[in-house]
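Report on the structure given below.
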Amino acid sequence: MNEYILYPGCSMEGSAKAYNDSLMAIKDTLGIGLHEVEDWNCCGATEYLSINLIPAYSLIARNLAIASKQANSTRTVVAPCSACYLNLSKADYYMDERPTLGQKVNEALAAGGLHYEPGSLEIRHLLEVLVYDVGLDTIKSKVVRPLTGLRVAPYLGCMVPRPDYYNRWSDHEHPTELDEVLKALGAEVIDFPLKTTCCGGHMTQIGPETAYELIRRLVSSADNYQADIMTTVCPMCQMNLDAYQAETNRHFGTHYQMPIVFFTQLMGLAFGMDAKELGFGLEVVSAKKALERIGVELPETQAPKKKVEGLPMPQRRLKKTATPQQEVEA
Amino acid sequence: MPDSNALKQGAGLRQQEDLTLLHEVSVATAGVSRLEMCIQCGSCGGSCPSAADMDHTPRMLFAMLRAGIRDDVLRSNTPWICVSCYHCVVRCPQNVHIADVMYTLKGMAIKAKQYKDSTAPDFSKSFVDMVESFGRSFELGLATRHYLTHYPLRLPGMAGMGLGMLTKKRMHLVPSRIKDMEQLTAILDKAKTLELTE
């Protein structure tokens, strides 16, 4: 049994509940023990860093300081969320690279009776732990319902393979770890060219048009490759591609219906677990049709479609059209 | 050998470069920014997924920093359009911490109140307010407050999505709060008195 300290992050309690549920469902099968950082606080996402530097790093470092006190049998902190993983690594790395930063952050932490020694913890992303600690062979040996025939687009987003302060990933732009996990589950994995391009991040909130274009590129590329489903390792990516897909369709006059789920949900399915227990049905774009391909019945949880009232309205006009060339560029 | 200063004057260049702004930004950036090492190759702009919406590519912005054009740099929308995807960071041959420099520039623009569109700074501030009050982020509160301020007309359109997220229990009606808020507040209060100046 491998033991880890878990930093869940705020999304796991909310928008990424399916990620949390499925992780809790598969952890015993994979033989990993997860111990939550006590009374952890938000990592600040990408917002706090631009407001005020020392408070932003102190906010992150409070978690590191608490985790390092908890580190008995292990000094590895696992983060399932990409932004949390990046922020925790960033604080650890920069506090060491720039001793003045480390000093000031510790000065602030001292006001709360805490201290963090940079480098004393190992900060890793969940996917990397599953691939390199648990191992592909173990994952494969647990499969009882192979995902044969399910075409999956592996999507990592930005902040897991980049900037990669500790050189843990096979590549910064086309890492293969997620592909390998999906292959071990028996899925048909497409060689997804946009696997680490951006989902728009917080632009869905502050500049929706910029975000819609980034979402469109990803969804349309997965659709061109005839993927049944996309899978991701990041709550933000899942949220943007899932919850804003309808808005994106409206913006461009497109009709994509591309479900996107967390990779831990697909792992649970392959391990023979109940779809509902793995958080299926929480996605906005239903994964029902995709799961039918592997013989998994998903209860219809979508609200029944509203009856069309009045006269049919014309489709909103296409704002931008991308040429196939741009598609490749993107 | 001709005098190099005379040559510079002849080309309309200043005798001495004024690197105050460049150093100010570099020092205020977490880690060792390596901003001074930029060779103006343009790999950053070429790698950027949102460059099309930017006033200046990162390369041009760094040239402006070197030239000391403070107001134009702080007013540029570039740092606000940056999506923190780190494509430029891993491709930069000089290992400049480009994304972190963008955070520094956003912070400087907020302090100097120099931004054209307040949507992004307000979103960051709302987020920070939530975190400082609860210790955790609160998606529903944040989204509602943000949309009410900036996209009130879009709120009805987004309500369906929000309601879907609520009924699926993917958003909570009340924020969750950490236990030791007192400790976090003490840390943040102290941190706010500190700056990275050297």
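Order determines the names: the first chain of the structure tokens is A, the second B, and so forth; residues in each chain are numbered 1 upward, and ligands are numbered 1 upward as they are shown.
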Distance filter 8 Å, only C-alpha atoms, chain A against chain B, as a PyMOL selection string
chain A and resi 10+13-17+39-42+44+46-55+58-59+62+93-95+97-98+100-101+104-105+107-112+158-159+162-163+172-173+197-198+200-203+205-207+210+214+243+282+284+330
Could you pull out the alpha helix (DSSP H) residues of range 26-198 of chain B from DSSP and send them as a ChimeraX atom specification?
/B:26-27,43-47,58-67,70-75,78-81,87-91,98-111,119-134,139-150,155-167,181-191
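Among the candidates A:Val181, A:Val152, A:Ala61, A:Ala67, the residue lying nearest to Glu128 in chain A is A:Val181 (atoms considered: only C-alpha atoms).
Among the candidate residues A:Pro161, A:Gly135, A:Pro259, A:Pro235, the one lying nearest to Ser11 in chain A is A:Pro235, with distances computed using only C-alpha atoms.
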Might you pull out every residue within 10 Å of Val129 in chain A, with only C-alpha atoms counted and same-chain residues fewer than 2 positions away left off, and present them as JSON, numbers by chain?
{"A": [2, 4, 32, 76, 78, 79, 124, 125, 126, 127, 131, 132, 133, 134, 135]}
